Amino acid sequence: MDLPGRHGAEINASLELSPLPSGTGWDGSIAYLDRDGVLNLGKSDYINTISELTVIEGAGSAVGELRRAGFRICVVTNQSPIGRGLWDELQLSIIHEELKMRLLAEDGDAELDLILYSPFVPWSNSYIRKPQPGMLEIGRQIISSSENGSTISKLITAGEYANDRPAEGSRSCIVGDRPADISAGLAHGVRIFHVDDREGLPSVTGRILDATDGGDKF
Ligand SMILES: [Mg+2]
């Protein structure tokens, strides 16, 4: 089975989550965030180095706000340059460290709880690459295990789910700028917030926090 890469750890290593800023318990809500066009500006030929990384103004405050409202944050990003052999996971981890640092510099609560990336190329049709929902499913299992204090024995994807599919939080959502993000969210069954790739996450934070907002319809 294909598995995503995970920033800073092996995919099935236990995840040490820092407490939610509110100090309250977690209600199962996860904000799955696409990266380019949501947290930082995208580029047609990828973000290849930290010099090409421009964080969208207000993205740090937006992440902080979501965490203060009890959301866990799971970045789900397609990174085919790895599968294409353009650069490696070390290069990607440098970019992700920089992204984390800049978000935290804007807002001390703006932690990215989990960053998952798909190294697979588009023609692989991998279940772990958006528009498929595999990264969201794996992200949910890793965060749930951490919150429940259980170890991750085996990560599974939809094909293997019986009746024990971890329940998704009612406020959970995906935020993305592309059809692939929307499809992944639809398949996973979460609220969908489509954003303009220059405006990103800050443009929908208020809507995400409004539990009566069912998200964009497709
Ligand atoms: Mg994007």
# chains A, B, ... in the order shown; residues from 1 in each chain; ligands from 1
$ residues_near_ligand --ligand "ligand 1" --cutoff "8 Å" --atoms "only C-alpha atoms and all ligand atoms" --output "number ranges by chain"
A: 34-38, 42, 77, 176-178, 181, 197
$ select_by_dssp --residues "chain A" --states "alpha helix (DSSP H)" --output "MDAnalysis selection string"
chainID A and resid 59:68 80:83 89:106 134:148 179:188 205:209
$ closest_residue --among "A:Pro119, A:Gly134, A:Gly58, A:Gly85" --to "Ser183 (chain A)" --atoms "only C-alpha atoms"
A:Gly134
$ closest_atom_pairs --of "region 133-174 of chain A" --to "region 73-76 of chain A" --cutoff "8 Å" --atoms "only C-alpha atoms" --output "Markdown table"
| residue | atom | partner | partner_atom | distance |
| --- | --- | --- | --- | --- |
| A:Met135 | CA | A:Val76 | CA | 6.3 |
| A:Leu136 | CA | A:Val76 | CA | 7.0 |
| A:Gly139 | CA | A:Cys74 | CA | 6.6 |
$ closest_residue --among "A:Lys130, A:His7, A:His96, A:Lys43" --to "Ala187 (chain A)" --atoms "only C-alpha atoms"
A:Lys130
$ residues_around --residues "Glu10 (chain A)" --least-positions-apart "3" --cutoff "12 Å" --atoms "only C-alpha atoms" --output "list in words"
Leu3, Pro4, Gly5, Arg6, His7, Ala13, Ser14, Leu15, Glu89, Leu114, Ile115, Leu116, Ile142 and Ile152 of chain A
$ write_last_selection --atoms "N, CA and C atoms" --output "PDB file, in the first residue's frame"
ATOM      1  N   LEU A   3       1.979   4.894   1.013  1.00  0.00           N
ATOM      2  CA  LEU A   3       1.797   5.710   2.221  1.00  0.00           C
ATOM      3  C   LEU A   3       2.377   7.098   1.949  1.00  0.00           C
ATOM      4  N   PRO A   4       1.811   8.107   2.587  1.00  0.00           N
ATOM      5  CA  PRO A   4       2.376   9.449   2.398  1.00  0.00           C
ATOM      6  C   PRO A   4       3.665   9.607   3.179  1.00  0.00           C
ATOM      7  N   GLY A   5       4.415  10.658   2.853  1.00  0.00           N
ATOM      8  CA  GLY A   5       5.523  11.046   3.694  1.00  0.00           C
ATOM      9  C   GLY A   5       5.002  11.926   4.813  1.00  0.00           C
ATOM     10  N   ARG A   6       5.775  12.006   5.870  1.00  0.00           N
ATOM     11  CA  ARG A   6       5.367  12.828   7.022  1.00  0.00           C
ATOM     12  C   ARG A   6       6.547  13.686   7.455  1.00  0.00           C
ATOM     13  N   HIS A   7       6.294  14.945   7.625  1.00  0.00           N
ATOM     14  CA  HIS A   7       7.366  15.856   8.006  1.00  0.00           C
ATOM     15  C   HIS A   7       7.902  15.507   9.392  1.00  0.00           C
ATOM     16  N   ALA A  13       5.185   6.588  13.177  1.00  0.00           N
ATOM     17  CA  ALA A  13       5.703   6.918  14.510  1.00  0.00           C
ATOM     18  C   ALA A  13       4.605   7.618  15.301  1.00  0.00           C
ATOM     19  N   SER A  14       4.639   7.472  16.630  1.00  0.00           N
ATOM     20  CA  SER A  14       3.595   8.145  17.406  1.00  0.00           C
ATOM     21  C   SER A  14       3.833   9.665  17.332  1.00  0.00           C
ATOM     22  N   LEU A  15       2.742  10.372  17.372  1.00  0.00           N
ATOM     23  CA  LEU A  15       2.786  11.825  17.199  1.00  0.00           C
ATOM     24  C   LEU A  15       2.588  12.494  18.552  1.00  0.00           C
ATOM     25  N   GLU A  89      13.372  14.384  -0.123  1.00  0.00           N
ATOM     26  CA  GLU A  89      12.552  14.704   1.044  1.00  0.00           C
ATOM     27  C   GLU A  89      13.274  15.623   2.020  1.00  0.00           C
ATOM     28  N   LEU A 114       0.399  18.303  12.061  1.00  0.00           N
ATOM     29  CA  LEU A 114       0.871  17.183  11.238  1.00  0.00           C
ATOM     30  C   LEU A 114       0.981  17.659   9.796  1.00  0.00           C
ATOM     31  N   ILE A 115       2.092  17.366   9.165  1.00  0.00           N
ATOM     32  CA  ILE A 115       2.254  17.687   7.732  1.00  0.00           C
ATOM     33  C   ILE A 115       2.463  16.380   6.980  1.00  0.00           C
ATOM     34  N   LEU A 116       1.530  16.062   6.084  1.00  0.00           N
ATOM     35  CA  LEU A 116       1.658  14.876   5.233  1.00  0.00           C
ATOM     36  C   LEU A 116       1.857  15.332   3.795  1.00  0.00           C
ATOM     37  N   ILE A 142      -3.590   9.144  12.425  1.00  0.00           N
ATOM     38  CA  ILE A 142      -2.415   9.528  13.217  1.00  0.00           C
ATOM     39  C   ILE A 142      -2.829  10.491  14.339  1.00  0.00           C
ATOM     40  N   ILE A 152      -0.048   3.446  16.898  1.00  0.00           N
ATOM     41  CA  ILE A 152      -0.484   3.177  15.537  1.00  0.00           C
ATOM     42  C   ILE A 152       0.063   1.811  15.155  1.00  0.00           C
TER      43      ILE A 152
END
$ atom_distance --atom1 "CA of Lys217 (chain A)" --atom2 "CA of Pro202 (chain A)"
19.6 Å
$ closest_residue --among "A:Met1, A:Ile82, A:Val190, A:Leu201" --to "Val55 (chain A)" --atoms "only C-alpha atoms"
A:Leu201
$ residues_around --residues "Arg84 (chain A)" --least-positions-apart "2" --cutoff "10 Å" --atoms "only C-alpha atoms" --output "PyMOL selection string"
chain A and resi 79-82+86-88+119-122
$ residues_around --residues "Ser22 (chain A)" --least-positions-apart "3" --cutoff "12 Å" --atoms "only C-alpha atoms" --output "list in words"
Ser18, Pro19, Gly25, Trp26, Gly64, Glu65, Leu66, Arg67, Arg68, Ala69, Gly70, Phe71, Arg72 and Asp109 of chain A
$ write_last_selection --atoms "C-alpha atoms" --output "PDB file, in the first residue's frame"
ATOM      1  CA  SER A  18       1.177  20.003  21.831  1.00  0.00           C
ATOM      2  CA  PRO A  19      -1.919  20.876  23.884  1.00  0.00           C
ATOM      3  CA  GLY A  25     -10.443  18.557  25.023  1.00  0.00           C
ATOM      4  CA  TRP A  26     -10.381  17.798  21.331  1.00  0.00           C
ATOM      5  CA  GLY A  64      -3.676  30.107  15.376  1.00  0.00           C
ATOM      6  CA  GLU A  65      -7.345  31.012  15.401  1.00  0.00           C
ATOM      7  CA  LEU A  66      -8.389  27.548  14.262  1.00  0.00           C
ATOM      8  CA  ARG A  67      -6.295  25.897  16.955  1.00  0.00           C
ATOM      9  CA  ARG A  68      -7.676  28.237  19.610  1.00  0.00           C
ATOM     10  CA  ALA A  69     -11.119  27.069  18.482  1.00  0.00           C
ATOM     11  CA  GLY A  70     -10.117  23.438  19.022  1.00  0.00           C
ATOM     12  CA  PHE A  71      -9.080  22.299  15.564  1.00  0.00           C
ATOM     13  CA  ARG A  72      -6.085  20.115  14.913  1.00  0.00           C
ATOM     14  CA  ASP A 109      -0.492  29.224  18.474  1.00  0.00           C
TER      15      ASP A 109
END
$ closest_residue --among "A:Ile143, A:Ala110, A:Ala9, A:Ile30" --to "Gly185 (chain A)" --atoms "only C-alpha atoms"
A:Ile30
$ closest_residue --among "A:Phe218, A:Ile156, A:Ser118, A:Gly206" --to "Pro179 (chain A)" --atoms "only C-alpha atoms"
A:Phe218
$ decode --residues "region 101-116 of chain A" --atoms "N, CA and C atoms" --output "PDB file, in the first residue's frame"
ATOM      1  N   MET A 101       8.101  27.819  10.948  1.00  0.00           N
ATOM      2  CA  MET A 101       8.715  28.908  11.703  1.00  0.00           C
ATOM      3  C   MET A 101       8.032  30.250  11.398  1.00  0.00           C
ATOM      4  N   ARG A 102       7.755  30.477  10.118  1.00  0.00           N
ATOM      5  CA  ARG A 102       7.169  31.772   9.745  1.00  0.00           C
ATOM      6  C   ARG A 102       5.730  31.897  10.239  1.00  0.00           C
ATOM      7  N   LEU A 103       4.998  30.804  10.232  1.00  0.00           N
ATOM      8  CA  LEU A 103       3.623  30.851  10.751  1.00  0.00           C
ATOM      9  C   LEU A 103       3.647  31.139  12.246  1.00  0.00           C
ATOM     10  N   LEU A 104       4.548  30.479  12.953  1.00  0.00           N
ATOM     11  CA  LEU A 104       4.650  30.682  14.399  1.00  0.00           C
ATOM     12  C   LEU A 104       5.124  32.085  14.741  1.00  0.00           C
ATOM     13  N   ALA A 105       5.927  32.658  13.858  1.00  0.00           N
ATOM     14  CA  ALA A 105       6.402  34.026  14.102  1.00  0.00           C
ATOM     15  C   ALA A 105       5.229  35.003  14.051  1.00  0.00           C
ATOM     16  N   GLU A 106       4.215  34.652  13.248  1.00  0.00           N
ATOM     17  CA  GLU A 106       3.052  35.543  13.148  1.00  0.00           C
ATOM     18  C   GLU A 106       2.081  35.324  14.300  1.00  0.00           C
ATOM     19  N   ASP A 107       1.996  34.072  14.773  1.00  0.00           N
ATOM     20  CA  ASP A 107       1.040  33.746  15.837  1.00  0.00           C
ATOM     21  C   ASP A 107       1.591  32.552  16.614  1.00  0.00           C
ATOM     22  N   GLY A 108       1.796  32.733  17.883  1.00  0.00           N
ATOM     23  CA  GLY A 108       2.410  31.697  18.710  1.00  0.00           C
ATOM     24  C   GLY A 108       1.605  30.409  18.820  1.00  0.00           C
ATOM     25  N   ASP A 109       0.333  30.440  18.437  1.00  0.00           N
ATOM     26  CA  ASP A 109      -0.492  29.224  18.474  1.00  0.00           C
ATOM     27  C   ASP A 109      -0.555  28.519  17.115  1.00  0.00           C
ATOM     28  N   ALA A 110       0.147  29.082  16.131  1.00  0.00           N
ATOM     29  CA  ALA A 110      -0.014  28.594  14.749  1.00  0.00           C
ATOM     30  C   ALA A 110       0.834  27.356  14.462  1.00  0.00           C
ATOM     31  N   GLU A 111       0.641  26.324  15.252  1.00  0.00           N
ATOM     32  CA  GLU A 111       1.396  25.091  15.016  1.00  0.00           C
ATOM     33  C   GLU A 111       0.719  24.239  13.962  1.00  0.00           C
ATOM     34  N   LEU A 112       1.514  23.672  13.095  1.00  0.00           N
ATOM     35  CA  LEU A 112       0.993  22.688  12.153  1.00  0.00           C
ATOM     36  C   LEU A 112       1.154  21.335  12.841  1.00  0.00           C
ATOM     37  N   ASP A 113       0.049  20.766  13.300  1.00  0.00           N
ATOM     38  CA  ASP A 113       0.138  19.548  14.110  1.00  0.00           C
ATOM     39  C   ASP A 113       0.734  18.380  13.335  1.00  0.00           C
ATOM     40  N   LEU A 114       0.399  18.303  12.061  1.00  0.00           N
ATOM     41  CA  LEU A 114       0.871  17.183  11.238  1.00  0.00           C
ATOM     42  C   LEU A 114       0.981  17.659   9.796  1.00  0.00           C
ATOM     43  N   ILE A 115       2.092  17.366   9.165  1.00  0.00           N
ATOM     44  CA  ILE A 115       2.254  17.687   7.732  1.00  0.00           C
ATOM     45  C   ILE A 115       2.463  16.380   6.980  1.00  0.00           C
ATOM     46  N   LEU A 116       1.530  16.062   6.084  1.00  0.00           N
ATOM     47  CA  LEU A 116       1.658  14.876   5.233  1.00  0.00           C
ATOM     48  C   LEU A 116       1.857  15.332   3.795  1.00  0.00           C
TER      49      LEU A 116
END
